[in-house]
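What follows is a single structure, written as structure tokens, with notes after it.
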Amino acid sequence: MPKLAIADAFVDRACVASSEDELFELLSDCCSAVGIRFFALVHHVNFGLEKAPAIRIHNYPPAWQRWFDENQLGRADPVHRASQLICCGFPWSVVPNFIELTAIDRSVFAQARGVGIGDGYTIPTNVPGEFTGSCSFAMATGETFTRELQAVAQIIGGIAFQAARRITRIREVWPPIERPLTDRQRDCVLWSTRGKTDWETGKILGISKGTVIQHLANARERYDVHNKAELSVRALHDGVIAFSQLGPRHQP
């Protein structure tokens, strides 16, 4: 059966998969049929340290998982960092085009090759209000991830991750904050994140500096954070404000 047809069949089955084990088997069968050795559906967290529910379904070697977790690479892995800057699937060979590789980053790729993980391809799967995530596929060391396989990975990657989100009910077990910010609190957080002082924010919004301070204090309380930087990060993470609103062209 042609590789793209195998991918299409996977999509149909993944959409009705009812358990993580079933999804794992579907991915295993699909990857084996098209010639891909490894797969990994993961949220970018440090498993074992962070307590919030997160997805991790993979067939990477156990030695790799142990080393990866021991070095707390869930957030720092170079492929994971690059996936936050790319809106579609990408081969691992282009990662240096998006982030500057450190010595530690190079050691990550070297360690992967040492346990048999070679050329790879990753599909970012970032959903506002959840941890960033990705679906990665890789060949055995020494094998090439061809353009045809990249097309296959692109088809199955996003669908596989969405199936994992549905099966794990991730949005239900780890929802955004229970009490979203009020419109005025959101406005204050937005202008604060843009770099405006409390006084400047008040002038822009037509309210007093003291009222701005109170709105930001209430917003920090709702998020249970202690400063403006943490508040901005959480609001961006949950989609309360968006990166597109922070560009230099935005003026009061």
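The way I read the labels, and the way they are meant: chains A, B, ... in the order of the structure tokens, residue 1 as the first residue of every chain, and ligand 1 as the first ligand shown, with later ones counted on from there.
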
### Task
Would you kindly return, as an NGL selection string, each protein, DNA or RNA residue with an atom no farther than 12 Å from any atom of region 196-200 of chain A, considering only C-alpha atoms and excluding same-chain residues fewer than 5 positions away?
:A and (187-191 or 205-217 or 228 or 246 or 251-252)

### Task
Tell me which protein, DNA and RNA residues are within 12 Å of Gly89 (chain A), counting only C-alpha atoms, leaving out same-chain ones fewer than 6 positions away, and put them as a list in words.
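Surrounding residues, per the criterion: Val79, Ala82, Ser83, Val95, Gly120, Tyr121, Thr122, Ile123, Pro124, Thr125, Ser134, Cys135, Ser136, Phe137, Arg147, Leu149, Gln150, Ala151, Val152, Ala153, Gln154, Ile155, Ile156, Gly157 and Gly158 of chain A.
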
### Message
Under the rule that only C-alpha atoms are counted, which of A:Ala17, A:Val127, A:Ala163, A:Ala138 is the nearest residue to His237 (chain A)?
### Response
A:Val127

### Message
I need the residue nearest His43 (chain A) from this list: A:Thr132, A:Arg13, A:Asn126, A:Asp21. Use only C-alpha atoms for the distance.
### Response
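Going through A:Thr132, A:Arg13, A:Asn126, A:Asp21 one by one, the smallest distance to His43 (chain A) is for A:Thr132.
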
### Message
Please identify the helix (DSSP H, G or I) residues within region 110-239 of chain A (assignment by DSSP from backbone atoms) and present them as a PyMOL selection string.
### Response
chain A and resi 110-114+147-168+170-173+183-193+198-205+209-223+228-237

Skipping near chain neighbours, those fewer than 4 positions away, what residues fall within 9 Å of Glu143 (chain A) using only C-alpha atoms, listed as a JSON list (two decimals) with all heavy atoms, in the first residue's frame?
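Everything below was put into result05.json:
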[["chain", "number", "residue", "atom", "x", "y", "z"],
["A", 118, "GLY", "N", 18.24, 8.64, 14.90],
["A", 118, "GLY", "CA", 18.95, 9.40, 13.87],
["A", 118, "GLY", "C", 18.17, 10.59, 13.36],
["A", 118, "GLY", "O", 17.66, 11.40, 14.13],
["A", 119, "ASP", "N", 18.07, 10.69, 12.05],
["A", 119, "ASP", "CA", 17.42, 11.80, 11.37],
["A", 119, "ASP", "C", 15.95, 11.88, 11.78],
["A", 119, "ASP", "O", 15.26, 10.86, 11.83],
["A", 119, "ASP", "CB", 17.53, 11.57, 9.86],
["A", 119, "ASP", "CG", 17.32, 12.83, 9.05],
["A", 119, "ASP", "OD1", 17.27, 13.92, 9.65],
["A", 119, "ASP", "OD2", 17.18, 12.72, 7.81],
["A", 139, "MET", "N", 14.22, 8.33, 12.32],
["A", 139, "MET", "CA", 14.76, 7.12, 11.72],
["A", 139, "MET", "C", 15.81, 6.52, 12.65],
["A", 139, "MET", "O", 16.27, 7.17, 13.59],
["A", 139, "MET", "CB", 15.40, 7.44, 10.36],
["A", 139, "MET", "CG", 14.51, 8.22, 9.42],
["A", 139, "MET", "SD", 12.98, 7.35, 9.00],
["A", 139, "MET", "CE", 13.65, 6.06, 7.94]]
